[in-house]
$ cat start25.cif   # mmCIF, C-alpha atoms
data_upload
loop_
_atom_site.label_atom_id
_atom_site.label_comp_id
_atom_site.auth_asym_id
_atom_site.auth_seq_id
_atom_site.Cartn_x
_atom_site.Cartn_y
_atom_site.Cartn_z
CA MET A 1 0.00 0.00 0.00
CA MET A 2 1.36 3.42 -0.99
CA ALA A 3 1.70 6.21 1.54
CA GLU A 4 -0.37 9.35 1.06
CA PRO A 5 1.53 12.21 -0.61
CA PHE A 6 2.92 14.84 1.75
CA TRP A 7 0.46 17.55 0.67
CA LYS A 8 -2.40 15.37 1.91
CA THR A 9 -0.85 14.59 5.28
CA LYS A 10 0.99 17.76 6.28
CA ARG A 11 -0.06 21.30 6.94
CA LEU A 12 1.93 23.92 5.04
CA ALA A 13 3.90 24.88 8.16
CA GLN A 14 4.98 21.25 8.64
CA MET A 15 6.54 20.89 5.22
CA SER A 16 10.26 20.83 4.58
CA ASN A 17 11.67 23.56 2.36
CA GLU A 18 11.96 21.02 -0.46
CA GLU A 19 8.30 20.00 -0.09
CA TRP A 20 7.21 23.64 0.13
CA GLU A 21 9.08 24.61 -3.02
CA SER A 22 7.75 21.59 -4.91
CA LEU A 23 4.19 22.80 -4.36
CA CYS A 24 4.83 25.58 -6.85
CA ASP A 25 3.40 24.29 -10.13
CA GLY A 26 5.38 26.73 -12.27
CA CYS A 27 2.34 28.54 -13.66
CA GLY A 28 3.88 32.00 -13.26
CA LEU A 29 0.56 33.60 -12.29
CA CYS A 30 1.85 34.99 -9.01
CA CYS A 31 4.49 36.88 -11.02
CA LEU A 32 1.89 38.90 -12.91
CA ASN A 33 1.43 42.49 -11.87
CA LYS A 34 -1.83 43.19 -10.11
CA LEU A 35 -3.70 46.46 -9.75
CA GLU A 36 -5.65 47.36 -6.63
CA ASP A 37 -8.52 49.81 -6.52
CA TRP A 38 -7.66 52.07 -3.58
CA ASP A 39 -11.33 52.74 -2.82
CA THR A 40 -12.76 49.22 -2.99
CA GLY A 41 -9.67 47.07 -2.40
CA GLU A 42 -10.54 45.01 -5.49
CA VAL A 43 -7.48 43.42 -7.07
CA VAL A 44 -7.27 42.63 -10.78
CA PHE A 45 -4.60 40.76 -12.69
CA THR A 46 -2.73 42.10 -15.67
CA SER A 47 -0.79 40.18 -18.29
CA VAL A 48 2.23 42.33 -17.43
CA ALA A 49 4.82 40.03 -15.92
CA CYS A 50 7.64 40.74 -13.54
CA ARG A 51 10.85 41.53 -15.40
CA LEU A 52 12.38 38.34 -14.00
CA LEU A 53 9.67 35.98 -15.28
CA ASP A 54 10.69 33.86 -18.25
CA GLY A 55 7.56 33.96 -20.41
CA GLN A 56 8.11 30.45 -21.80
CA SER A 57 9.21 28.44 -18.77
CA CYS A 58 7.12 30.55 -16.36
CA ARG A 59 9.99 30.41 -13.90
CA CYS A 60 11.99 33.21 -12.33
CA LYS A 61 15.21 33.97 -14.16
CA ASP A 62 16.99 34.63 -10.86
CA TYR A 63 14.91 32.99 -8.13
CA PRO A 64 17.61 32.91 -5.40
CA ASN A 65 18.31 36.65 -5.79
CA ARG A 66 14.92 37.89 -6.94
CA GLN A 67 14.28 40.18 -3.99
CA ALA A 68 17.53 42.04 -4.60
CA THR A 69 16.36 42.87 -8.13
CA VAL A 70 12.64 43.20 -7.36
CA PRO A 71 12.37 44.45 -3.76
CA ASP A 72 8.56 44.14 -3.69
CA CYS A 73 8.67 40.47 -4.73
CA ILE A 74 6.70 38.57 -2.10
CA GLN A 75 8.38 35.63 -0.42
CA LEU A 76 5.36 33.42 0.15
CA THR A 77 5.31 31.69 3.53
CA PRO A 78 2.79 29.34 5.17
CA ASP A 79 1.56 32.19 7.38
CA GLN A 80 0.80 34.39 4.38
CA VAL A 81 -1.22 31.99 2.23
CA ASP A 82 -4.49 32.78 3.99
CA THR A 83 -3.84 36.53 3.93
CA ILE A 84 -3.00 36.98 0.24
CA GLY A 85 -6.33 37.26 -1.50
CA TRP A 86 -4.93 37.43 -5.00
CA LEU A 87 -3.47 33.93 -5.13
CA PRO A 88 -5.22 32.31 -8.10
CA PRO A 89 -7.75 29.53 -7.40
CA SER A 90 -5.40 27.02 -9.03
CA CYS A 91 -2.54 27.82 -6.62
CA ALA A 92 -1.37 24.66 -4.85
CA TYR A 93 -0.51 26.61 -1.71
CA ARG A 94 -4.08 27.89 -1.48
CA LEU A 95 -5.55 24.47 -2.33
CA VAL A 96 -3.53 22.66 0.34
CA ALA A 97 -4.19 25.36 2.94
CA ASP A 98 -7.92 24.96 2.28
CA GLY A 99 -7.77 21.16 2.55
CA HIS A 100 -8.15 20.42 -1.18
CA ASP A 101 -6.17 18.06 -3.38
CA LEU A 102 -3.96 19.19 -6.24
CA TYR A 103 -5.30 19.21 -9.79
CA TRP A 104 -4.36 16.47 -12.26
CA TRP A 105 -2.02 18.79 -14.15
CA HIS A 106 0.11 19.69 -11.12
CA PRO A 107 3.64 18.29 -11.64
CA LEU A 108 3.51 16.44 -8.31
CA VAL A 109 0.43 14.56 -9.55
CA SER A 110 1.24 14.20 -13.25
CA GLY A 111 4.97 13.67 -12.87
CA ASP A 112 5.54 16.13 -15.71
CA ALA A 113 6.39 19.82 -15.27
CA ASP A 114 4.84 20.58 -18.67
CA THR A 115 1.26 19.54 -17.85
CA VAL A 116 0.52 22.89 -16.17
CA HIS A 117 1.22 24.49 -19.55
CA GLN A 118 -0.60 21.81 -21.56
CA ALA A 119 -3.68 22.34 -19.40
CA GLY A 120 -3.65 26.06 -20.21
CA ILE A 121 -3.30 27.06 -16.56
CA SER A 122 0.03 28.88 -16.87
CA ALA A 123 1.00 32.29 -18.13
CA ARG A 124 3.13 30.75 -20.89
CA GLY A 125 2.99 32.86 -24.04
CA ARG A 126 0.38 35.26 -22.61
CA THR A 127 2.50 37.94 -20.97
CA ILE A 128 4.48 41.04 -21.70
CA SER A 129 7.42 42.06 -19.53
CA GLU A 130 7.00 45.05 -17.25
CA ALA A 131 10.27 46.28 -18.77
CA ASP A 132 8.33 46.85 -22.02
CA VAL A 133 5.29 48.64 -20.58
CA GLU A 134 4.96 51.99 -18.84
CA VAL A 135 3.41 51.53 -15.40
CA THR A 136 0.73 54.07 -16.37
CA ASP A 137 -0.34 51.69 -19.15
CA PHE A 138 -0.77 48.57 -16.96
CA GLU A 139 -4.56 49.12 -16.99
CA ASP A 140 -4.51 48.35 -20.72
CA TYR A 141 -3.39 44.80 -19.87
CA ILE A 142 -6.07 43.76 -17.34
CA CYS A 143 -7.03 40.12 -17.83
CA ASP A 144 -9.23 37.56 -16.09
CA TRP A 145 -7.64 34.29 -17.23
CA PRO A 146 -5.65 33.77 -14.00
CA LEU A 147 -8.94 33.46 -12.13
CA THR A 148 -10.36 30.64 -14.22
CA VAL A 149 -9.71 26.94 -13.62
CA LEU A 150 -10.80 24.44 -16.22
CA ASP A 151 -10.54 20.94 -14.80
CA PRO A 152 -11.83 18.34 -17.24
CA SER A 153 -10.64 15.45 -15.08
#
$ encode --input "start25.cif" --output "structure tokens"
Amino acid sequence: MMAEPFWKTKRLAQMSNEEWESLCDGCGLCCLNKLEDWDTGEVVFTSVACRLLDGQSCRCKDYPNRQATVPDCIQLTPDQVDTIGWLPPSCAYRLVADGHDLYWWHPLVSGDADTVHQAGISARGRTISEADVEVTDFEDYICDWPLTVLDPS
């Protein structure tokens, strides 16, 4: 009989650093710039990606040093998952924190890092770098696709 996977048996705070990091599915959605309405607090996604996001791999080009280059890059921790309202509904950290299983396309389930892209969940090929867009034009790039999860399984 096989043991249950760690994300089904551990709370986020109980995970090793390796387990924690492996929960990231590589979608790149958290690296999209968001806009917040100061009056309502509503947050919307844009297709404008952090300058360090590789638009094809959906991985950070300099993950170990990202906060030196992008000081407002958020280092997600178990304590923050419940407080960050903009994590997309497909985010494994949010799913596990809420007691849900991972989707079929998550690399820990599928065994293939490419399934997140094949399933259309990732930002692959749908972004523009913030280095190429004036911050005053970010509103022109508002999108809703990070908030949609299609799960045909």
$ resolve_selection --input "start25.cif" --expression "the PyMOL selection byres ((chain A and resi 39-48) around 9)" --output "PyMOL selection string"
chain A and resi 29+31-38+49-51+85-86+123+126-130+132-133+138-147
$ closest_residue --input "start25.cif" --among "A:Leu53, A:Arg66, A:Val135, A:Ala92" --to "Leu108 in chain A" --atoms "only C-alpha atoms"
A:Ala92
$ closest_residue --input "start25.cif" --among "A:Ala97, A:Val109, A:Cys30, A:Ala119" --to "Pro78 in chain A" --atoms "all atoms listed in the file"
A:Ala97
$ atom_distance --input "start25.cif" --atom1 "CA of His100 in chain A" --atom2 "CA of Asp82 in chain A"
13.9 Å
$ atom_distance --input "start25.cif" --atom1 "CA of Cys58 in chain A" --atom2 "CA of Ser122 in chain A"
7.3 Å
$ closest_residue --input "start25.cif" --among "A:Asp54, A:Asp79, A:Glu19, A:Asp25" --to "Asp112 in chain A" --atoms "all atoms listed in the file"
A:Asp25
$ closest_residue --input "start25.cif" --among "A:Thr9, A:Asn17, A:Thr83, A:Ser57" --to "Ala113 in chain A" --atoms "only C-alpha atoms"
A:Ser57
$ residues_around --input "start25.cif" --residues "Thr77 in chain A" --least-positions-apart "2" --cutoff "10 Å" --atoms "only C-alpha atoms" --output "ChimeraX atom specification"
/A:12-13,20,74-75,79-82,93
$ atom_distance --input "start25.cif" --atom1 "CA of Gln67 in chain A" --atom2 "CA of Arg124 in chain A"
22.3 Å
$ closest_residue --input "start25.cif" --among "A:Asp114, A:Asp72, A:Asp98, A:Glu134" --to "Gly26 in chain A" --atoms "all atoms listed in the file"
A:Asp114
$ closest_residue --input "start25.cif" --among "A:Ala68, A:Ala131, A:Leu102, A:Val116" --to "Lys8 in chain A" --atoms "all atoms listed in the file"
A:Leu102
$ build_atoms --input "start25.cif" --residues "range 115-148 of chain A" --atoms "N, CA and C atoms" --output "mmCIF file, in the frame of the given file"
data_model
loop_
_atom_site.group_PDB
_atom_site.id
_atom_site.type_symbol
_atom_site.label_atom_id
_atom_site.label_comp_id
_atom_site.auth_asym_id
_atom_site.auth_seq_id
_atom_site.Cartn_x
_atom_site.Cartn_y
_atom_site.Cartn_z
ATOM 1 N N THR A 115 2.716 19.675 -17.816
ATOM 2 C CA THR A 115 1.260 19.540 -17.850
ATOM 3 C C THR A 115 0.540 20.812 -17.415
ATOM 4 N N VAL A 116 1.148 21.626 -16.560
ATOM 5 C CA VAL A 116 0.520 22.890 -16.170
ATOM 6 C C VAL A 116 0.361 23.793 -17.397
ATOM 7 N N HIS A 117 1.298 23.703 -18.319
ATOM 8 C CA HIS A 117 1.220 24.490 -19.550
ATOM 9 C C HIS A 117 0.250 23.846 -20.539
ATOM 10 N N GLN A 118 0.307 22.521 -20.654
ATOM 11 C CA GLN A 118 -0.600 21.810 -21.560
ATOM 12 C C GLN A 118 -2.054 22.013 -21.169
ATOM 13 N N ALA A 119 -2.312 22.140 -19.882
ATOM 14 C CA ALA A 119 -3.680 22.340 -19.400
ATOM 15 C C ALA A 119 -4.161 23.778 -19.574
ATOM 16 N N GLY A 120 -3.265 24.669 -19.984
ATOM 17 C CA GLY A 120 -3.650 26.060 -20.210
ATOM 18 C C GLY A 120 -3.763 26.869 -18.925
ATOM 19 N N ILE A 121 -3.211 26.383 -17.847
ATOM 20 C CA ILE A 121 -3.300 27.060 -16.560
ATOM 21 C C ILE A 121 -2.242 28.151 -16.429
ATOM 22 N N SER A 122 -1.113 27.980 -17.078
ATOM 23 C CA SER A 122 0.030 28.880 -16.870
ATOM 24 C C SER A 122 -0.067 30.164 -17.692
ATOM 25 N N ALA A 123 0.891 31.028 -17.410
ATOM 26 C CA ALA A 123 1.000 32.290 -18.130
ATOM 27 C C ALA A 123 1.819 32.155 -19.408
ATOM 28 N N ARG A 124 2.263 30.960 -19.729
ATOM 29 C CA ARG A 124 3.130 30.750 -20.890
ATOM 30 C C ARG A 124 2.544 31.379 -22.158
ATOM 31 N N GLY A 125 3.360 32.251 -22.766
ATOM 32 C CA GLY A 125 2.990 32.860 -24.040
ATOM 33 C C GLY A 125 1.898 33.911 -23.959
ATOM 34 N N ARG A 126 1.487 34.315 -22.743
ATOM 35 C CA ARG A 126 0.380 35.260 -22.610
ATOM 36 C C ARG A 126 0.774 36.544 -21.892
ATOM 37 N N THR A 127 2.073 36.791 -21.755
ATOM 38 C CA THR A 127 2.500 37.940 -20.970
ATOM 39 C C THR A 127 3.382 38.883 -21.781
ATOM 40 N N ILE A 128 3.535 40.052 -21.217
ATOM 41 C CA ILE A 128 4.480 41.040 -21.700
ATOM 42 C C ILE A 128 5.294 41.461 -20.482
ATOM 43 N N SER A 129 6.567 41.688 -20.657
ATOM 44 C CA SER A 129 7.420 42.060 -19.530
ATOM 45 C C SER A 129 7.137 43.491 -19.084
ATOM 46 N N GLU A 130 7.179 43.700 -17.778
ATOM 47 C CA GLU A 130 7.000 45.050 -17.250
ATOM 48 C C GLU A 130 8.092 46.001 -17.752
ATOM 49 N N ALA A 131 9.194 45.457 -18.204
ATOM 50 C CA ALA A 131 10.270 46.280 -18.770
ATOM 51 C C ALA A 131 9.851 46.915 -20.093
ATOM 52 N N ASP A 132 8.792 46.366 -20.715
ATOM 53 C CA ASP A 132 8.330 46.850 -22.020
ATOM 54 C C ASP A 132 7.048 47.670 -21.954
ATOM 55 N N VAL A 133 6.561 47.936 -20.731
ATOM 56 C CA VAL A 133 5.290 48.640 -20.580
ATOM 57 C C VAL A 133 5.449 49.737 -19.520
ATOM 58 N N GLU A 134 4.970 50.918 -19.830
ATOM 59 C CA GLU A 134 4.960 51.990 -18.840
ATOM 60 C C GLU A 134 3.943 51.630 -17.752
ATOM 61 N N VAL A 135 4.294 51.878 -16.514
ATOM 62 C CA VAL A 135 3.410 51.530 -15.400
ATOM 63 C C VAL A 135 2.035 52.209 -15.549
ATOM 64 N N THR A 136 2.001 53.373 -16.161
ATOM 65 C CA THR A 136 0.730 54.070 -16.370
ATOM 66 C C THR A 136 -0.156 53.365 -17.394
ATOM 67 N N ASP A 137 0.429 52.426 -18.146
ATOM 68 C CA ASP A 137 -0.340 51.690 -19.150
ATOM 69 C C ASP A 137 -0.763 50.291 -18.682
ATOM 70 N N PHE A 138 -0.432 49.906 -17.456
ATOM 71 C CA PHE A 138 -0.770 48.570 -16.960
ATOM 72 C C PHE A 138 -2.272 48.279 -17.071
ATOM 73 N N GLU A 139 -3.102 49.307 -16.896
ATOM 74 C CA GLU A 139 -4.560 49.120 -16.990
ATOM 75 C C GLU A 139 -4.979 48.567 -18.344
ATOM 76 N N ASP A 140 -4.199 48.837 -19.366
ATOM 77 C CA ASP A 140 -4.510 48.350 -20.720
ATOM 78 C C ASP A 140 -4.312 46.839 -20.833
ATOM 79 N N TYR A 141 -3.729 46.221 -19.825
ATOM 80 C CA TYR A 141 -3.390 44.800 -19.870
ATOM 81 C C TYR A 141 -4.156 43.976 -18.830
ATOM 82 N N ILE A 142 -5.264 44.504 -18.313
ATOM 83 C CA ILE A 142 -6.070 43.760 -17.340
ATOM 84 C C ILE A 142 -6.614 42.504 -18.014
ATOM 85 N N CYS A 143 -6.545 41.393 -17.299
ATOM 86 C CA CYS A 143 -7.030 40.120 -17.830
ATOM 87 C C CYS A 143 -7.714 39.321 -16.718
ATOM 88 N N ASP A 144 -8.553 38.382 -17.104
ATOM 89 C CA ASP A 144 -9.230 37.560 -16.090
ATOM 90 C C ASP A 144 -8.828 36.098 -16.145
ATOM 91 N N TRP A 145 -7.987 35.701 -17.098
ATOM 92 C CA TRP A 145 -7.640 34.290 -17.230
ATOM 93 C C TRP A 145 -6.923 33.688 -16.032
ATOM 94 N N PRO A 146 -6.234 34.437 -15.174
ATOM 95 C CA PRO A 146 -5.650 33.770 -14.000
ATOM 96 C C PRO A 146 -6.692 33.316 -12.981
ATOM 97 N N LEU A 147 -7.913 33.782 -13.118
ATOM 98 C CA LEU A 147 -8.940 33.460 -12.130
ATOM 99 C C LEU A 147 -9.865 32.345 -12.581
ATOM 100 N N THR A 148 -9.529 31.691 -13.659
ATOM 101 C CA THR A 148 -10.360 30.640 -14.220
ATOM 102 C C THR A 148 -9.622 29.302 -14.141
#
